[in-house]
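Here is the structure we will look at, set down as structure tokens.
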Amino acid sequence: MNAQTGTPAAPARIGSVSTGAALELRGVQKMFGALAAIADVTMTVASGERRAVLGSNGAGKTTLFNCVTGDFLPTSGTIRLFGEDVTTFPAHERVRRGLRRTYQISLLFGGLTVADNVYLACRGVSRARFSMLRPRQGDTLLSRAEELIEAVNLTDASSTMVANLSYGQQRQLEIALALAGAPRLILFDEPAAGLSPTERGELVRLLTNLPEHIGYVIIEHDMDVALRVAESVTMMHNGTVFKEGTPEEIENDAEVQELYLGDGHG
Ligand SMILES: Nc1ncnc2c1ncn2[C@@H]1O[C@H](COP(=O)(O)OP(=O)(O)OP(=O)(O)O)[C@@H](O)[C@H]1O
Ligand SMILES: [Mg+2]
């Protein structure tokens with residue numbers, strides 16, 4: 001995978017206006033028994049757009065991600081990725097189309113080094129993964145893995161076992177894994193949770209410096225982080241979209257302040 005073949009042609013992006021949607025949800029609902037974790041969500045994320053999803057505990061944010069990634073099948077509604085209806089597609093078919101995610105709870109291989117984890121992620125999304133003739137391909141993947149490790153500031157920890165990384169370093173590694181292959185849309189589930197202020201600053205820098213064609217949706221309780229890394233915000237409440245706007249609009253919205261900022265999350 002090199003920069004030429006690995007980077008998909010991105011639609012033109014002018015501010016938050018784009019020629020194509022990365023993600024379109026229409027009337028998405030997810031029931032758990034009688035509970036509507038997602039009640040009726042309709043939202044569109046443009047290609048290359050950076051969106052924050054806010055909302056108190058239990059608002060349905062992670063469930064929404066699970067429906068988008070294919071971890072859960074929605075009870076009703078449709079999900080389109082890059083214009084294609086993927087509502088019933090298995091997760092790996094969505095990954096093939098450029099969707100990535102990080103989890104609220106880490107799923108890393110603790111018994112491997114940083115370098116091994118990233119290399120395996122690169123190999124996993126490489127089309128040549130079943131090839132028996134790997135020397136050349138292996139070299140390319142190795143240098144791509146090194147680039148990703150550097151991008152997330154883990155070069156010094158490259159040969160450290162994942163189990164020995166700090167919590168913040170583990171989150172950085174997860175981002176490197178999400179960047180393997182050719183992501184076009186990444187879903188980050190609370191990447192700043194548990195990070196020190198310094199690590200939060202690094203995370204903000206990393207996210208804002210991602211290549212322009214990579215869009216993301218970030219669930220984040222830390223308003224300071226969310227509003228700095230997003231150009232648009234969706235506020236969820238009780239499984240529905242409560243409000244959408246620019247970070248400034250959301251920050252200054254009286255109803256949002258009452259509902260969210262006032263209850264200890266700010
Ligand atoms: N697998 C599941 N089975 C049953 N109920 C679930 C399941 N996953 C989530 N829920 C419920 O759905 C609702 C939404 O949960 P979800 O995890 O999506 O919230 P969230 O907005 O991500 O919250 P948090 O900020 O705490 O991560 C909650 O009431 C939760 O208990
Ligand atoms: Mg959650």
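Ordering of the structure tokens sets the chain letters (A, B, ...); residue numbers start at 1 within each chain; ligands are numbered from 1 in the order shown.
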With only C-alpha atoms as the counted atoms, please give the residues lying no more than 9 Å from segment 229-241 of chain A, apart from itself and same-chain residues fewer than 5 positions off, as a PyMOL selection string.
chain A and resi 15-16+29-30+36-43+49-56+58-61+63-64+204-205+207-208+216-218+224+246-247+249-250+256+259
Could you turn the residues from that selection into a file that holds N, CA and C atoms, as a tab-separated table (two decimals), in the first residue's frame?
```
chain	number	residue	atom	x	y	z
A	15	GLY	N	-15.11	23.94	2.92
A	15	GLY	CA	-15.66	24.06	4.25
A	15	GLY	C	-16.33	22.75	4.61
A	16	SER	N	-17.55	22.81	5.10
A	16	SER	CA	-18.23	21.57	5.43
A	16	SER	C	-19.12	21.09	4.27
A	29	GLN	N	-33.27	3.18	13.88
A	29	GLN	CA	-33.77	2.81	15.20
A	29	GLN	C	-33.08	1.52	15.64
A	30	LYS	N	-32.71	1.45	16.93
A	30	LYS	CA	-32.18	0.19	17.46
A	30	LYS	C	-32.85	-0.09	18.80
A	36	ALA	N	-35.64	1.76	23.28
A	36	ALA	CA	-35.14	2.31	22.02
A	36	ALA	C	-33.82	3.03	22.31
A	37	ALA	N	-32.69	2.30	22.18
A	37	ALA	CA	-31.38	2.91	22.42
A	37	ALA	C	-31.13	4.00	21.38
A	38	ILE	N	-31.60	3.73	20.15
A	38	ILE	CA	-31.63	4.72	19.08
A	38	ILE	C	-33.08	4.79	18.63
A	39	ALA	N	-33.68	5.98	18.71
A	39	ALA	CA	-35.12	6.05	18.46
A	39	ALA	C	-35.44	6.34	16.99
A	40	ASP	N	-34.88	7.37	16.43
A	40	ASP	CA	-35.22	7.73	15.04
A	40	ASP	C	-34.17	8.73	14.59
A	41	VAL	N	-33.00	8.23	14.25
A	41	VAL	CA	-31.89	9.14	13.95
A	41	VAL	C	-31.71	9.31	12.45
A	42	THR	N	-31.76	10.56	12.04
A	42	THR	CA	-31.47	10.93	10.66
A	42	THR	C	-30.33	11.94	10.72
A	43	MET	N	-29.23	11.61	10.06
A	43	MET	CA	-28.12	12.58	10.00
A	43	MET	C	-27.22	12.28	8.82
A	49	GLU	N	-15.80	15.48	6.33
A	49	GLU	CA	-16.30	16.29	7.47
A	49	GLU	C	-15.82	15.73	8.80
A	50	ARG	N	-15.67	16.61	9.79
A	50	ARG	CA	-15.28	16.21	11.13
A	50	ARG	C	-16.40	16.58	12.09
A	51	ARG	N	-17.06	15.56	12.59
A	51	ARG	CA	-18.28	15.75	13.37
A	51	ARG	C	-18.10	15.23	14.79
A	52	ALA	N	-18.54	15.99	15.76
A	52	ALA	CA	-18.56	15.49	17.14
A	52	ALA	C	-19.98	15.06	17.48
A	53	VAL	N	-20.08	13.95	18.20
A	53	VAL	CA	-21.38	13.52	18.72
A	53	VAL	C	-21.30	13.61	20.24
A	54	LEU	N	-22.16	14.47	20.77
A	54	LEU	CA	-22.19	14.67	22.22
A	54	LEU	C	-23.49	14.12	22.79
A	55	GLY	N	-23.52	13.95	24.08
A	55	GLY	CA	-24.74	13.49	24.73
A	55	GLY	C	-24.39	12.79	26.02
A	56	SER	N	-25.30	12.83	26.97
A	56	SER	CA	-24.99	12.24	28.27
A	56	SER	C	-24.92	10.72	28.20
A	58	GLY	N	-25.66	7.01	28.12
A	58	GLY	CA	-26.88	6.31	27.73
A	58	GLY	C	-27.68	7.00	26.64
A	59	ALA	N	-27.15	8.09	26.06
A	59	ALA	CA	-27.87	8.82	25.02
A	59	ALA	C	-28.01	8.01	23.73
A	60	GLY	N	-27.15	6.99	23.57
A	60	GLY	CA	-27.24	6.15	22.37
A	60	GLY	C	-26.07	6.33	21.41
A	61	LYS	N	-25.03	7.02	21.85
A	61	LYS	CA	-23.92	7.36	20.96
A	61	LYS	C	-23.17	6.10	20.47
A	63	THR	N	-24.18	3.03	20.58
A	63	THR	CA	-25.11	2.17	19.82
A	63	THR	C	-25.19	2.66	18.37
A	64	LEU	N	-25.19	3.97	18.21
A	64	LEU	CA	-25.22	4.53	16.86
A	64	LEU	C	-23.98	4.07	16.08
A	204	VAL	N	-5.61	16.14	20.22
A	204	VAL	CA	-6.23	17.21	19.43
A	204	VAL	C	-5.35	17.53	18.22
A	205	ARG	N	-4.05	17.61	18.46
A	205	ARG	CA	-3.12	17.92	17.36
A	205	ARG	C	-3.15	16.81	16.30
A	207	LEU	N	-5.59	14.66	15.62
A	207	LEU	CA	-6.85	14.62	14.87
A	207	LEU	C	-6.95	15.79	13.89
A	208	THR	N	-6.55	16.96	14.34
A	208	THR	CA	-6.69	18.12	13.45
A	208	THR	C	-5.68	18.06	12.30
A	216	TYR	N	-14.15	12.21	10.09
A	216	TYR	CA	-14.37	11.40	11.28
A	216	TYR	C	-15.58	11.86	12.06
A	217	VAL	N	-16.09	10.93	12.86
A	217	VAL	CA	-17.13	11.24	13.83
A	217	VAL	C	-16.53	10.88	15.17
A	218	ILE	N	-16.55	11.82	16.09
A	218	ILE	CA	-15.92	11.58	17.39
A	218	ILE	C	-16.95	11.75	18.51
A	224	ASP	N	-14.14	20.49	25.61
A	224	ASP	CA	-12.99	21.24	25.15
A	224	ASP	C	-12.34	20.54	23.96
A	246	THR	N	-22.81	24.26	14.52
A	246	THR	CA	-21.36	24.45	14.58
A	246	THR	C	-20.96	24.36	16.06
A	247	PRO	N	-19.68	24.14	16.33
A	247	PRO	CA	-19.25	24.12	17.74
A	247	PRO	C	-19.69	25.38	18.49
A	249	GLU	N	-22.29	27.37	17.84
A	249	GLU	CA	-23.75	27.35	18.07
A	249	GLU	C	-24.10	26.43	19.23
A	250	ILE	N	-23.46	25.26	19.25
A	250	ILE	CA	-23.78	24.28	20.30
A	250	ILE	C	-23.32	24.79	21.66
A	256	VAL	N	-28.83	23.33	25.20
A	256	VAL	CA	-27.71	22.41	25.33
A	256	VAL	C	-27.03	22.61	26.67
A	259	LEU	N	-29.17	21.10	29.33
A	259	LEU	CA	-29.25	19.64	29.29
A	259	LEU	C	-27.91	18.98	29.58
```
Alpha helix (DSSP H) positions in segment 71-206 of chain A, given as a PyMOL selection string
chain A and resi 91-96+114-125+135-151+167-179+197-206
Next, the residues of the selection above should be written as a PDB file, in the first residue's frame with C-alpha atoms.
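Result file is again21.pdb:
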```
ATOM      1  CA  ALA A  91     -18.664  -5.221   9.326  1.00  0.00           C
ATOM      2  CA  HIS A  92     -15.752  -6.283   7.106  1.00  0.00           C
ATOM      3  CA  GLU A  93     -17.561  -5.084   3.975  1.00  0.00           C
ATOM      4  CA  ARG A  94     -17.809  -1.646   5.568  1.00  0.00           C
ATOM      5  CA  VAL A  95     -14.112  -1.738   6.473  1.00  0.00           C
ATOM      6  CA  ARG A  96     -13.384  -2.527   2.814  1.00  0.00           C
ATOM      7  CA  VAL A 114       3.384  -1.680  19.119  1.00  0.00           C
ATOM      8  CA  ALA A 115       5.198  -2.386  15.844  1.00  0.00           C
ATOM      9  CA  ASP A 116       3.635  -5.854  15.515  1.00  0.00           C
ATOM     10  CA  ASN A 117       0.142  -4.535  16.156  1.00  0.00           C
ATOM     11  CA  VAL A 118       0.415  -1.829  13.535  1.00  0.00           C
ATOM     12  CA  TYR A 119       2.130  -4.118  11.032  1.00  0.00           C
ATOM     13  CA  LEU A 120      -0.649  -6.698  11.432  1.00  0.00           C
ATOM     14  CA  ALA A 121      -3.291  -4.012  10.962  1.00  0.00           C
ATOM     15  CA  CYS A 122      -1.584  -2.868   7.757  1.00  0.00           C
ATOM     16  CA  ARG A 123      -1.312  -6.446   6.542  1.00  0.00           C
ATOM     17  CA  GLY A 124      -4.926  -7.149   7.466  1.00  0.00           C
ATOM     18  CA  VAL A 125      -6.250  -4.486   5.150  1.00  0.00           C
ATOM     19  CA  PRO A 135       9.217  -9.803   0.659  1.00  0.00           C
ATOM     20  CA  ARG A 136       8.428  -6.657  -1.360  1.00  0.00           C
ATOM     21  CA  GLN A 137       4.919  -6.274  -0.094  1.00  0.00           C
ATOM     22  CA  GLY A 138       6.250  -6.878   3.419  1.00  0.00           C
ATOM     23  CA  ASP A 139       8.753  -4.038   3.064  1.00  0.00           C
ATOM     24  CA  THR A 140       6.048  -1.630   1.961  1.00  0.00           C
ATOM     25  CA  LEU A 141       3.802  -2.636   4.814  1.00  0.00           C
ATOM     26  CA  LEU A 142       6.681  -2.297   7.244  1.00  0.00           C
ATOM     27  CA  SER A 143       7.466   1.242   6.168  1.00  0.00           C
ATOM     28  CA  ARG A 144       3.769   2.144   6.202  1.00  0.00           C
ATOM     29  CA  ALA A 145       3.557   0.757   9.744  1.00  0.00           C
ATOM     30  CA  GLU A 146       6.567   2.868  10.759  1.00  0.00           C
ATOM     31  CA  GLU A 147       4.933   5.983   9.268  1.00  0.00           C
ATOM     32  CA  LEU A 148       1.756   5.364  11.232  1.00  0.00           C
ATOM     33  CA  ILE A 149       3.664   4.771  14.468  1.00  0.00           C
ATOM     34  CA  GLU A 150       5.465   8.051  13.936  1.00  0.00           C
ATOM     35  CA  ALA A 151       2.210   9.854  13.110  1.00  0.00           C
ATOM     36  CA  TYR A 167      -3.271   4.268  28.871  1.00  0.00           C
ATOM     37  CA  GLY A 168      -2.687   7.323  26.688  1.00  0.00           C
ATOM     38  CA  GLN A 169      -0.201   5.433  24.522  1.00  0.00           C
ATOM     39  CA  GLN A 170      -2.766   2.652  24.050  1.00  0.00           C
ATOM     40  CA  ARG A 171      -5.274   5.183  22.757  1.00  0.00           C
ATOM     41  CA  GLN A 172      -2.643   6.548  20.376  1.00  0.00           C
ATOM     42  CA  LEU A 173      -1.963   3.027  19.148  1.00  0.00           C
ATOM     43  CA  GLU A 174      -5.658   2.476  18.517  1.00  0.00           C
ATOM     44  CA  ILE A 175      -5.659   5.540  16.308  1.00  0.00           C
ATOM     45  CA  ALA A 176      -2.682   4.180  14.368  1.00  0.00           C
ATOM     46  CA  LEU A 177      -4.610   0.940  13.819  1.00  0.00           C
ATOM     47  CA  ALA A 178      -7.659   2.881  12.599  1.00  0.00           C
ATOM     48  CA  LEU A 179      -5.417   4.702  10.113  1.00  0.00           C
ATOM     49  CA  PRO A 197      -4.050  17.060  29.792  1.00  0.00           C
ATOM     50  CA  THR A 198      -0.794  16.743  27.825  1.00  0.00           C
ATOM     51  CA  GLU A 199      -2.031  13.616  26.072  1.00  0.00           C
ATOM     52  CA  ARG A 200      -5.309  15.367  25.282  1.00  0.00           C
ATOM     53  CA  GLY A 201      -3.364  18.169  23.641  1.00  0.00           C
ATOM     54  CA  GLU A 202      -1.478  15.617  21.545  1.00  0.00           C
ATOM     55  CA  LEU A 203      -4.731  13.918  20.574  1.00  0.00           C
ATOM     56  CA  VAL A 204      -6.232  17.212  19.427  1.00  0.00           C
ATOM     57  CA  ARG A 205      -3.122  17.917  17.364  1.00  0.00           C
ATOM     58  CA  LEU A 206      -3.176  14.431  15.835  1.00  0.00           C
TER      59      LEU A 206
END
```
Which of segment 69-253 of chain A counts as strand (DSSP E) under DSSP, as a PyMOL selection string please?
chain A and resi 76-81+84-85+99-102+185-189+215-219+232-237+240-245
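Of the residues listed (A:Leu185, A:Leu25, A:Ala157, A:Ala34), A:Ala34 shows the shortest atom-to-atom separation from ligand 1; distances use only C-alpha atoms and all ligand atoms.
Proximity ranking of A:Ile214, A:Cys67, A:Ile219, A:Ala163 relative to Ala46 of chain A places A:Ile214 first, based on only C-alpha atoms.
For the choices A:Leu73, A:Thr62, A:Pro90, A:Val28, the atom-to-atom distance to ligand 2 is smallest for A:Thr62 when using only C-alpha atoms and all ligand atoms.
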Between A:Lys243, A:Arg228, A:His221, A:Arg97, single out the one closest to ligand 2, counting only C-alpha atoms and all ligand atoms.
A:His221
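Rounded to one decimal, atom CA of Asn66 of chain A and atom CA of Val86 of chain A lie 13.0 Å from each other.
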Asp85 of chain A proximity check over A:Ala254, A:Leu23, A:Leu108, A:Leu154, using only C-alpha atoms: winner is A:Leu23
